[in-house]
Amino acid sequence: METANDSTGGDFILVGFSERPELELILSLFVLTFYTITLVGNVAIILLSILDTGLHTPMYFFLRNLSVLDLCFTTSIVPQMLVNMWGGNKKISYAGCMVQYWVALALGSTECVLLAVMAIDRYVAVCWPLRYASIMHPRLCQLLAAASWCSGFANSFLQSSMAMVLPRCGNRRVDHFFCELLITMPVSIILTTYVCIARAVVKMRSAEGRKKAFGTCASHLMVVSLFYGTIMFLYLQPKDNYSQDQSKALAVLYMILAPTLNPLIYTLRNKDVKKAVRRLIGKE
């Protein structure tokens, strides 16, 4: 193990699965495949929501922001990870590690807040459907999205600044694929919002109304469950059952699974998206 007494400068060694080269190759192909799907799916969502006027609604405005976040988050980690897996040099500079840490933490924190904003949007859609357009007007949506981005980057700036002044205790080896982060989780906002939505749905007399309300929230609930479920499973494991190899494998799943599946969740059973695709194909 390389040692150093300073808290800045020098390189880190990202160990990954370098001790298991055959597993590292298989994992790299798995990551590359899902990264490609992530790029295609999220770019398609972004372009579709911009080009088709039928998708110029608050829900798809926030979904477009989510797709941008997923693209940026995976791109901040995956290329460096693949270079690390395919090359013999497992090093990353101190500056590179700090930039990766800061960017990934900023984007992850922003996504946490954005999912809470999207939950509020679904609450308004279910509880005040007739006033939805007047409440969630474009100006408010832009302010909420801007607040999500600003709060995420502010949180990352504060945490990264504190991390940069900590001594490394002579350790330059990182037993991971990337400079790992622990994301803050404003899950209480989402839970409170969905409790209110559930109460409103229970009060509905019409079965059709309850079905429509569930359909309005189903996609977002699946995305939230996927995002927070993988985070909690990754970071809240009991210490007696903790395995570093298991942690690394779960981190890879967390990093690529949600960004890959989010476009599929929002499009496969979404009639608005299917109609938008047909309209664009018809124009072509």
# chains A, B, ... in the order shown; residues from 1 in each chain; ligands from 1
$ residues_around --residues "Thr36 of chain A" --least-positions-apart "3" --cutoff "12 Å" --atoms "only C-alpha atoms" --output "number ranges by chain"
A: 29-33, 39-43, 71, 74-75, 78-79, 256, 259-260
$ select_by_dssp --residues "segment 58-200 of chain A" --states "alpha helix (DSSP H)" --output "number ranges by chain"
A: 58-75, 78-86, 94-127, 132-135, 138-164, 187-200
$ residues_around --residues "Tyr132 of chain A" --least-positions-apart "5" --cutoff "10 Å" --atoms "only C-alpha atoms" --output "list in words"
Pro58, Asp121, Arg122, Tyr123, Val124, Ala125, Val126, Cys127 and His137 of chain A
$ closest_residue --among "A:Ala119, A:Cys112, A:Leu69, A:Leu191" --to "Ser151 of chain A" --atoms "only C-alpha atoms"
A:Cys112
$ residues_around --residues "Gly96 of chain A" --least-positions-apart "3" --cutoff "10 Å" --atoms "only C-alpha atoms" --output "PyMOL selection string"
chain A and resi 11-12+80+91-93+99-102+179
$ closest_atom_pairs --of "segment 40-124 of chain A" --to "segment 271-277 of chain A" --cutoff "10 Å" --atoms "only C-alpha atoms" --output "tab-separated table"
residue	atom	partner	partner_atom	distance
A:Ile45	CA	A:Val273	CA	8.9
A:Leu48	CA	A:Ala276	CA	7.3
A:Ser49	CA	A:Val273	CA	8.6
A:Leu51	CA	A:Ala276	CA	9.0
A:Asp52	CA	A:Ala276	CA	6.1
A:Thr53	CA	A:Ala276	CA	8.6
A:Gly54	CA	A:Ala276	CA	7.0
A:Leu55	CA	A:Asp272	CA	7.4
A:Tyr60	CA	A:Val273	CA	9.7
$ closest_residue --among "A:Ile120, A:Leu261, A:Leu253, A:Met85" --to "Leu23 of chain A" --atoms "only C-alpha atoms"
A:Met85
$ closest_residue --among "A:Ile197, A:Leu63, A:Leu14, A:Val224" --to "Thr267 of chain A" --atoms "only C-alpha atoms"
A:Leu63
$ decode --residues "segment 56-89 of chain A" --atoms "N, CA, C and O atoms" --output "PDB file, in the first residue's frame"
ATOM      1  N   HIS A  56     -45.501  18.852 -23.763  1.00  0.00           N
ATOM      2  CA  HIS A  56     -45.066  20.077 -23.080  1.00  0.00           C
ATOM      3  C   HIS A  56     -45.933  20.295 -21.840  1.00  0.00           C
ATOM      4  O   HIS A  56     -46.709  21.242 -21.738  1.00  0.00           O
ATOM      5  N   THR A  57     -45.810  19.379 -20.887  1.00  0.00           N
ATOM      6  CA  THR A  57     -46.573  19.416 -19.640  1.00  0.00           C
ATOM      7  C   THR A  57     -45.590  19.355 -18.477  1.00  0.00           C
ATOM      8  O   THR A  57     -44.421  18.967 -18.656  1.00  0.00           O
ATOM      9  N   PRO A  58     -46.035  19.716 -17.258  1.00  0.00           N
ATOM     10  CA  PRO A  58     -45.124  19.663 -16.104  1.00  0.00           C
ATOM     11  C   PRO A  58     -44.488  18.297 -15.899  1.00  0.00           C
ATOM     12  O   PRO A  58     -43.295  18.192 -15.619  1.00  0.00           O
ATOM     13  N   MET A  59     -45.269  17.229 -16.048  1.00  0.00           N
ATOM     14  CA  MET A  59     -44.740  15.888 -15.819  1.00  0.00           C
ATOM     15  C   MET A  59     -43.560  15.596 -16.730  1.00  0.00           C
ATOM     16  O   MET A  59     -42.517  15.087 -16.283  1.00  0.00           O
ATOM     17  N   TYR A  60     -43.686  15.914 -18.010  1.00  0.00           N
ATOM     18  CA  TYR A  60     -42.611  15.610 -18.957  1.00  0.00           C
ATOM     19  C   TYR A  60     -41.486  16.636 -18.886  1.00  0.00           C
ATOM     20  O   TYR A  60     -40.355  16.328 -19.267  1.00  0.00           O
ATOM     21  N   PHE A  61     -41.780  17.818 -18.389  1.00  0.00           N
ATOM     22  CA  PHE A  61     -40.707  18.777 -18.129  1.00  0.00           C
ATOM     23  C   PHE A  61     -39.777  18.246 -17.039  1.00  0.00           C
ATOM     24  O   PHE A  61     -38.547  18.264 -17.183  1.00  0.00           O
ATOM     25  N   PHE A  62     -40.369  17.734 -15.952  1.00  0.00           N
ATOM     26  CA  PHE A  62     -39.554  17.156 -14.874  1.00  0.00           C
ATOM     27  C   PHE A  62     -38.895  15.855 -15.325  1.00  0.00           C
ATOM     28  O   PHE A  62     -37.757  15.566 -14.928  1.00  0.00           O
ATOM     29  N   LEU A  63     -39.577  15.075 -16.143  1.00  0.00           N
ATOM     30  CA  LEU A  63     -38.989  13.841 -16.660  1.00  0.00           C
ATOM     31  C   LEU A  63     -37.775  14.151 -17.540  1.00  0.00           C
ATOM     32  O   LEU A  63     -36.776  13.424 -17.513  1.00  0.00           O
ATOM     33  N   ARG A  64     -37.858  15.239 -18.295  1.00  0.00           N
ATOM     34  CA  ARG A  64     -36.712  15.645 -19.118  1.00  0.00           C
ATOM     35  C   ARG A  64     -35.516  16.001 -18.236  1.00  0.00           C
ATOM     36  O   ARG A  64     -34.376  15.640 -18.543  1.00  0.00           O
ATOM     37  N   ASN A  65     -35.773  16.696 -17.145  1.00  0.00           N
ATOM     38  CA  ASN A  65     -34.698  17.002 -16.198  1.00  0.00           C
ATOM     39  C   ASN A  65     -34.113  15.727 -15.596  1.00  0.00           C
ATOM     40  O   ASN A  65     -32.893  15.623 -15.423  1.00  0.00           O
ATOM     41  N   LEU A  66     -34.979  14.770 -15.291  1.00  0.00           N
ATOM     42  CA  LEU A  66     -34.518  13.503 -14.724  1.00  0.00           C
ATOM     43  C   LEU A  66     -33.633  12.755 -15.721  1.00  0.00           C
ATOM     44  O   LEU A  66     -32.605  12.173 -15.344  1.00  0.00           O
ATOM     45  N   SER A  67     -34.010  12.787 -16.997  1.00  0.00           N
ATOM     46  CA  SER A  67     -33.214  12.118 -18.024  1.00  0.00           C
ATOM     47  C   SER A  67     -31.849  12.783 -18.180  1.00  0.00           C
ATOM     48  O   SER A  67     -30.832  12.102 -18.359  1.00  0.00           O
ATOM     49  N   VAL A  68     -31.819  14.112 -18.125  1.00  0.00           N
ATOM     50  CA  VAL A  68     -30.542  14.824 -18.194  1.00  0.00           C
ATOM     51  C   VAL A  68     -29.658  14.439 -17.012  1.00  0.00           C
ATOM     52  O   VAL A  68     -28.449  14.197 -17.155  1.00  0.00           O
ATOM     53  N   LEU A  69     -30.263  14.366 -15.835  1.00  0.00           N
ATOM     54  CA  LEU A  69     -29.523  13.963 -14.636  1.00  0.00           C
ATOM     55  C   LEU A  69     -28.950  12.559 -14.767  1.00  0.00           C
ATOM     56  O   LEU A  69     -27.779  12.317 -14.449  1.00  0.00           O
ATOM     57  N   ASP A  70     -29.770  11.625 -15.230  1.00  0.00           N
ATOM     58  CA  ASP A  70     -29.310  10.246 -15.376  1.00  0.00           C
ATOM     59  C   ASP A  70     -28.172  10.145 -16.377  1.00  0.00           C
ATOM     60  O   ASP A  70     -27.196   9.404 -16.164  1.00  0.00           O
ATOM     61  N   LEU A  71     -28.283  10.887 -17.482  1.00  0.00           N
ATOM     62  CA  LEU A  71     -27.211  10.891 -18.479  1.00  0.00           C
ATOM     63  C   LEU A  71     -25.904  11.414 -17.883  1.00  0.00           C
ATOM     64  O   LEU A  71     -24.839  10.805 -18.045  1.00  0.00           O
ATOM     65  N   CYS A  72     -26.001  12.551 -17.207  1.00  0.00           N
ATOM     66  CA  CYS A  72     -24.798  13.172 -16.647  1.00  0.00           C
ATOM     67  C   CYS A  72     -24.201  12.328 -15.526  1.00  0.00           C
ATOM     68  O   CYS A  72     -22.976  12.201 -15.419  1.00  0.00           O
ATOM     69  N   PHE A  73     -25.057  11.738 -14.695  1.00  0.00           N
ATOM     70  CA  PHE A  73     -24.574  10.950 -13.561  1.00  0.00           C
ATOM     71  C   PHE A  73     -23.795   9.725 -14.034  1.00  0.00           C
ATOM     72  O   PHE A  73     -22.674   9.459 -13.568  1.00  0.00           O
ATOM     73  N   THR A  74     -24.375   8.970 -14.957  1.00  0.00           N
ATOM     74  CA  THR A  74     -23.685   7.774 -15.438  1.00  0.00           C
ATOM     75  C   THR A  74     -22.416   8.141 -16.210  1.00  0.00           C
ATOM     76  O   THR A  74     -21.391   7.453 -16.094  1.00  0.00           O
ATOM     77  N   THR A  75     -22.472   9.243 -16.980  1.00  0.00           N
ATOM     78  CA  THR A  75     -21.303   9.650 -17.753  1.00  0.00           C
ATOM     79  C   THR A  75     -20.172  10.149 -16.859  1.00  0.00           C
ATOM     80  O   THR A  75     -18.998  10.084 -17.237  1.00  0.00           O
ATOM     81  N   SER A  76     -20.508  10.639 -15.673  1.00  0.00           N
ATOM     82  CA  SER A  76     -19.465  11.099 -14.752  1.00  0.00           C
ATOM     83  C   SER A  76     -18.681   9.948 -14.135  1.00  0.00           C
ATOM     84  O   SER A  76     -17.611  10.166 -13.574  1.00  0.00           O
ATOM     85  N   ILE A  77     -19.205   8.720 -14.259  1.00  0.00           N
ATOM     86  CA  ILE A  77     -18.563   7.568 -13.611  1.00  0.00           C
ATOM     87  C   ILE A  77     -18.173   6.463 -14.595  1.00  0.00           C
ATOM     88  O   ILE A  77     -17.060   5.943 -14.545  1.00  0.00           O
ATOM     89  N   VAL A  78     -19.086   6.096 -15.505  1.00  0.00           N
ATOM     90  CA  VAL A  78     -18.877   4.904 -16.335  1.00  0.00           C
ATOM     91  C   VAL A  78     -17.638   4.977 -17.232  1.00  0.00           C
ATOM     92  O   VAL A  78     -16.857   4.010 -17.270  1.00  0.00           O
ATOM     93  N   PRO A  79     -17.387   6.060 -17.998  1.00  0.00           N
ATOM     94  CA  PRO A  79     -16.192   6.072 -18.850  1.00  0.00           C
ATOM     95  C   PRO A  79     -14.900   5.832 -18.067  1.00  0.00           C
ATOM     96  O   PRO A  79     -14.043   5.048 -18.505  1.00  0.00           O
ATOM     97  N   GLN A  80     -14.752   6.505 -16.920  1.00  0.00           N
ATOM     98  CA  GLN A  80     -13.568   6.291 -16.088  1.00  0.00           C
ATOM     99  C   GLN A  80     -13.506   4.845 -15.593  1.00  0.00           C
ATOM    100  O   GLN A  80     -12.434   4.234 -15.536  1.00  0.00           O
ATOM    101  N   MET A  81     -14.654   4.281 -15.250  1.00  0.00           N
ATOM    102  CA  MET A  81     -14.697   2.904 -14.778  1.00  0.00           C
ATOM    103  C   MET A  81     -14.241   1.935 -15.871  1.00  0.00           C
ATOM    104  O   MET A  81     -13.469   1.003 -15.612  1.00  0.00           O
ATOM    105  N   LEU A  82     -14.710   2.156 -17.112  1.00  0.00           N
ATOM    106  CA  LEU A  82     -14.334   1.278 -18.217  1.00  0.00           C
ATOM    107  C   LEU A  82     -12.846   1.388 -18.531  1.00  0.00           C
ATOM    108  O   LEU A  82     -12.188   0.382 -18.820  1.00  0.00           O
ATOM    109  N   VAL A  83     -12.322   2.609 -18.490  1.00  0.00           N
ATOM    110  CA  VAL A  83     -10.883   2.794 -18.696  1.00  0.00           C
ATOM    111  C   VAL A  83     -10.100   2.039 -17.632  1.00  0.00           C
ATOM    112  O   VAL A  83      -9.082   1.391 -17.915  1.00  0.00           O
ATOM    113  N   ASN A  84     -10.599   2.104 -16.402  1.00  0.00           N
ATOM    114  CA  ASN A  84      -9.950   1.403 -15.296  1.00  0.00           C
ATOM    115  C   ASN A  84      -9.994  -0.105 -15.496  1.00  0.00           C
ATOM    116  O   ASN A  84      -9.021  -0.818 -15.231  1.00  0.00           O
ATOM    117  N   MET A  85     -11.123  -0.627 -15.981  1.00  0.00           N
ATOM    118  CA  MET A  85     -11.276  -2.070 -16.163  1.00  0.00           C
ATOM    119  C   MET A  85     -10.452  -2.593 -17.334  1.00  0.00           C
ATOM    120  O   MET A  85      -9.897  -3.694 -17.273  1.00  0.00           O
ATOM    121  N   TRP A  86     -10.395  -1.820 -18.428  1.00  0.00           N
ATOM    122  CA  TRP A  86      -9.738  -2.299 -19.639  1.00  0.00           C
ATOM    123  C   TRP A  86      -8.237  -2.025 -19.662  1.00  0.00           C
ATOM    124  O   TRP A  86      -7.510  -2.641 -20.436  1.00  0.00           O
ATOM    125  N   GLY A  87      -7.764  -1.101 -18.860  1.00  0.00           N
ATOM    126  CA  GLY A  87      -6.349  -0.747 -18.872  1.00  0.00           C
ATOM    127  C   GLY A  87      -5.610  -1.340 -17.685  1.00  0.00           C
ATOM    128  O   GLY A  87      -6.193  -1.744 -16.678  1.00  0.00           O
ATOM    129  N   GLY A  88      -4.302  -1.387 -17.815  1.00  0.00           N
ATOM    130  CA  GLY A  88      -3.499  -1.896 -16.723  1.00  0.00           C
ATOM    131  C   GLY A  88      -3.282  -0.866 -15.630  1.00  0.00           C
ATOM    132  O   GLY A  88      -2.992  -1.214 -14.483  1.00  0.00           O
ATOM    133  N   ASN A  89      -3.465   0.410 -15.980  1.00  0.00           N
ATOM    134  CA  ASN A  89      -3.258   1.485 -15.012  1.00  0.00           C
ATOM    135  C   ASN A  89      -4.549   1.733 -14.242  1.00  0.00           C
ATOM    136  O   ASN A  89      -5.558   2.160 -14.809  1.00  0.00           O
TER     137      ASN A  89
END
